[in-house]
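Have a look at the structure below, then the notes.
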Amino acid sequence: MTINTVTESERAKGERMPDTTVMPINLNYTQFPSAPSVDSPSSESYSYEPQSEKELYNETEDLIKTYVQPPAPTELDDIRSFHVLGLDFKKTPEQQMQLAEVNGLWSGTDGITETNVSAKDLMQYGLVGMDVWNEYNYESVEQDANIISNGLHTHLEQYGLDKMTYINSLLADRREEFGKTVNPTLFKDAGIPDHEWLSKIAHHEWHSYDEIADTMADIELTLSDKATVDQYFEGFREVKPLSYSYTQEDVARLLANEDAEYVIFKPRNGLAGKEVSVQHRDEVNLNFAEDSDYIVEPFIESDAIFSEETGHYHDGCMRYLVLLEERTDGTIETRHFGGYWRLSPEPIQEYGDEEAMIASLCDKYQEPAIPEKASPIDLLRARNTVDAALPTIYQDMLTDIRGEDASAMESDGESEEEVPSNQDEQEVAIPI
C-alpha cells in the first residue's frame, strides 16, 4: 500500500503533487474482513428516504396501536446502552490521526453527499460499514444519498424503529438540559420520528428502555462540556491533545509545554465553529480576562489534503461516525459508518488566516468548509484510532454516570478484568 505525500515546497505552494511521489505504509489489513463482491447476492435492494413530517404525523392512529401493546423482542433487548458519536479527526503531517472534537447525537453528516462517495467505496476495502452494508445491495443506493445516514438507519432498524422512536421521544423531554432546541440530528437524518407524547401512552413494558434513553441523555450532557470530555483522554494523549483552562497560568503552561505553532481558543460548550479563534503562539497575550467558559488547546496542524473542487491543498478535518454498544454481558462493541473530509475554505499555504485553519459546514458563523472524499488509508487510520481508544473511554463515561465503584467490579480477591470489546485478540496499534 502506498500513499501520496507532499513536500514542504509543494505544501507551501498549495499545488498538486506529482503522482510519482509515494511513501510506503506498513499497516496490517488482515484484521479486517473482506467486503462481499459486487456480484454477490443480497437479501434486498435498499435505498432509504426519510418520510416527510406530514406522512409521519398521519400515522398517529397506528402509533397508538403500537405503543399500547408490549414491545416485540429485537436486538435492542441485548443492549444496555449505546451512543452515536461524530468524531472530528485531524491527520498530522506525520500521518497520525488526532481528535479535535468529540460530538454526539447532534452531529451533521450531510457533507458526504457532495463528495461522490458511494456505499461501494466504503465496502470495497472492508474498512467501514461492512457490518451494515453487507446485507444490502449497496450498488442500488443513489450516488448522492447520505450513505452515513442510510447505514445508521439500517443498523437502528435492527433495534426496532418503533423502539428507537420511543427512545427518541424520551430524549426530546431532556434536550434543553444540553442546550438543544431541536431533536437529535443523527436520528432525524436516519428517519427516526420524535413523538414526544409516546411515553405518556406506552404500555408499561416499554419503560424497560427508559434506562437506555436516560444514559444517552447523560452521555450528551458529558459531551456538551469539552473540558469534561478531555479528562477521559488522559491515558490517550496520542489520540487527543490536552485541553487547558482559559487562565493566564494555564495558557502560559500550554506555551511552555506544547510545541504547536498555533493555539486554538474554544467555548467549552460551543458548536459549529462559533466563537472559535486561532492565534500564532508568538501573538498570544497573557494579560487577558480569564473566563471559565472557554478552553485553550494546541492547534493540530493538518497534513495537506487535496481538494478536487479547488485544485489546491487544504487543512482538513474528518467527520467520522461511529456507534458504541454496551451489551448486557458488558461487552463494548463498535460499529463504523464511515467519514469524509471537511476542508478549510482557504488553501493551506494561507496558514495564519483562520479560514485556512477552521472547517465547518455550518455557514452561520463562517465561510462553509469544502467536503472531500476520504481515502481508504485515512478511513483505516480513523478506524484503528477509534478501536484503540473509544471503547475504554465510553466505558469510563458509563461508570461515572452510574456512580459505579471500579473496586466493586473485583470479586474474591481477583483483579479487575479489562473491559471486553469486539476487537480481535491481536492488539490494535494506532497507525502513525
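Chain labels run A, B, ... following the order of the C-alpha cells; each chain numbers its residues from 1, and ligands are numbered from 1 in the order shown.
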Need to verify the contact set: segment 179-182 of chain A, 12 Å, only C-alpha atoms, exclusion of same-chain residues closer than 4 positions in sequence. Can you return it as a compact mmCIF listing (two decimals) with N, CA and C atoms, in the first residue's frame?
```
# COMPACT_ATOMS: atom_id res chain seq x y z
N GLY A 104 -21.76 14.41 19.70
CA GLY A 104 -22.74 13.36 19.94
C GLY A 104 -23.84 13.31 18.91
N LEU A 105 -25.07 13.18 19.37
CA LEU A 105 -26.21 12.91 18.50
C LEU A 105 -26.59 14.07 17.61
N TRP A 106 -26.04 15.25 17.88
CA TRP A 106 -26.36 16.42 17.06
C TRP A 106 -25.28 16.65 15.99
N ASN A 168 -36.29 8.11 21.27
CA ASN A 168 -36.13 9.48 20.78
C ASN A 168 -37.15 10.42 21.44
N SER A 169 -38.34 9.90 21.72
CA SER A 169 -39.35 10.73 22.39
C SER A 169 -38.91 11.08 23.81
N LEU A 171 -35.72 11.35 24.76
CA LEU A 171 -34.63 12.32 24.61
C LEU A 171 -35.18 13.72 24.39
N ALA A 172 -36.30 13.83 23.68
CA ALA A 172 -36.90 15.14 23.42
C ALA A 172 -37.29 15.82 24.72
N ASP A 173 -37.64 15.04 25.73
CA ASP A 173 -38.03 15.61 27.01
C ASP A 173 -36.85 16.25 27.74
N ARG A 174 -35.60 15.86 27.40
CA ARG A 174 -34.44 16.34 28.13
C ARG A 174 -33.49 17.20 27.28
N ARG A 175 -33.86 17.47 26.06
CA ARG A 175 -32.91 18.12 25.14
C ARG A 175 -32.46 19.49 25.64
N LEU A 186 -28.76 13.26 14.10
CA LEU A 186 -28.47 11.95 13.52
C LEU A 186 -29.71 11.07 13.46
N PHE A 187 -30.56 11.12 14.49
CA PHE A 187 -31.78 10.33 14.46
C PHE A 187 -32.77 10.88 13.43
N LYS A 188 -32.84 12.20 13.33
CA LYS A 188 -33.72 12.81 12.33
C LYS A 188 -33.29 12.42 10.93
N ASP A 194 -39.88 11.63 16.36
CA ASP A 194 -39.65 12.10 17.72
C ASP A 194 -40.96 12.53 18.38
N GLU A 196 -43.11 13.25 21.04
CA GLU A 196 -42.79 13.46 22.45
C GLU A 196 -43.84 12.88 23.40
N ALA A 217 -28.99 10.46 27.33
CA ALA A 217 -29.07 11.87 27.68
C ALA A 217 -27.91 12.28 28.59
N GLU A 220 -24.84 12.73 26.55
CA GLU A 220 -24.90 14.00 25.85
C GLU A 220 -24.52 15.16 26.78
N LEU A 221 -24.95 15.08 28.03
CA LEU A 221 -24.56 16.11 29.00
C LEU A 221 -23.04 16.13 29.16
N LEU A 223 -20.82 15.12 26.90
CA LEU A 223 -20.22 15.58 25.65
C LEU A 223 -20.40 17.08 25.43
N SER A 224 -21.38 17.68 26.11
CA SER A 224 -21.63 19.11 25.92
C SER A 224 -20.56 19.99 26.55
N ASP A 225 -19.68 19.40 27.36
CA ASP A 225 -18.60 20.16 28.02
C ASP A 225 -17.26 19.62 27.55
N ASN A 269 -18.72 24.73 25.69
CA ASN A 269 -19.93 24.09 25.18
C ASN A 269 -20.31 24.61 23.80
N GLY A 270 -19.32 24.99 23.02
CA GLY A 270 -19.58 25.57 21.70
C GLY A 270 -19.91 24.52 20.66
N LEU A 271 -20.39 24.99 19.50
CA LEU A 271 -20.72 24.11 18.39
C LEU A 271 -20.62 24.88 17.10
```
TODO: For Arg281 of chain A, work out the shell of residues within 12 Å, counting only C-alpha atoms and skipping chain neighbours fewer than 6 positions away, then give it as an NGL selection string.
DONE: :A and (251-252 or 254-256 or 258-265 or 296-299 or 352)
Task: Contact residues around Thr228 of chain A with only C-alpha atoms at 12 Å, ignoring same-chain residues under 2 positions, as a PyMOL selection string - done: chain A and resi 102+219-226+230-234+242-245+268-269+293+295+397+400
Open item on the list: What's the separation between atom CA of Gln248 of chain A and atom CA of Val284 of chain A, in Å to one decimal place?
Closed with: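 Result for atom CA of Gln248 of chain A versus atom CA of Val284 of chain A: 10.5 Å, one decimal.
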TODO: Within 10 Å of Tyr394 of chain A, counting only C-alpha atoms, which residues show up once you throw out same-chain ones fewer than 3 positions away? Write them as a PyMOL selection string, please.
DONE: chain A and resi 82-83+219+232+324-326+332+389-391+397-399
With C-alpha atoms kept, could you save the residues just selected as a short mmCIF file (atom, residue, chain, number, x, y, z; two decimals), in the first residue's frame?
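For reference, result.cif as written:
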```
data_model
loop_
_atom_site.label_atom_id
_atom_site.label_comp_id
_atom_site.auth_asym_id
_atom_site.auth_seq_id
_atom_site.Cartn_x
_atom_site.Cartn_y
_atom_site.Cartn_z
CA PHE A 82 -25.49 2.72 23.02
CA HIS A 83 -24.40 6.06 21.64
CA ILE A 219 -23.73 10.95 27.81
CA TYR A 232 -11.36 10.96 29.70
CA LEU A 324 -20.74 2.27 20.52
CA GLU A 325 -22.83 -0.52 22.04
CA GLU A 326 -22.71 -1.76 25.60
CA ILE A 332 -18.36 -2.82 24.29
CA ALA A 389 -9.34 4.28 22.48
CA LEU A 390 -13.10 4.83 22.31
CA PRO A 391 -14.41 1.57 23.88
CA MET A 397 -18.12 7.59 30.98
CA LEU A 398 -20.74 4.95 31.77
CA THR A 399 -19.01 4.13 35.05
#
```
Open item on the list: Would you pick out the contacts of Val386 of chain A at 9 Å or less, using only C-alpha atoms, so that residues sharing its chain but fewer than 2 positions from it are not included, and give the list as a PyMOL selection string?
Closed with: chain A and resi 239+322+334+381-384+388-391+430
Expected file contents, prior selection, C-alpha atoms, as an mmCIF file, in the first residue's frame:
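For reference, selection_28.cif as written:
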```cif
data_model
loop_
_atom_site.group_PDB
_atom_site.id
_atom_site.type_symbol
_atom_site.label_atom_id
_atom_site.label_comp_id
_atom_site.auth_asym_id
_atom_site.auth_seq_id
_atom_site.Cartn_x
_atom_site.Cartn_y
_atom_site.Cartn_z
ATOM 1 C CA VAL A 239 -5.211 10.446 20.291
ATOM 2 C CA VAL A 322 -19.210 5.538 14.984
ATOM 3 C CA THR A 334 -18.051 -0.511 17.833
ATOM 4 C CA ARG A 381 -6.346 5.197 10.277
ATOM 5 C CA ALA A 382 -9.517 6.667 11.779
ATOM 6 C CA ARG A 383 -10.967 3.220 12.403
ATOM 7 C CA ASN A 384 -7.816 1.974 14.122
ATOM 8 C CA ALA A 388 -7.841 1.584 20.244
ATOM 9 C CA ALA A 389 -9.338 4.279 22.479
ATOM 10 C CA LEU A 390 -13.100 4.831 22.308
ATOM 11 C CA PRO A 391 -14.410 1.566 23.882
ATOM 12 C CA ILE A 430 -2.698 3.178 16.212
#
```
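If only C-alpha atoms are the atoms counted, then among A:Thr92, A:Thr74, A:Thr185, A:Asn287 the closest residue to Ser107 of chain A is A:Thr185.
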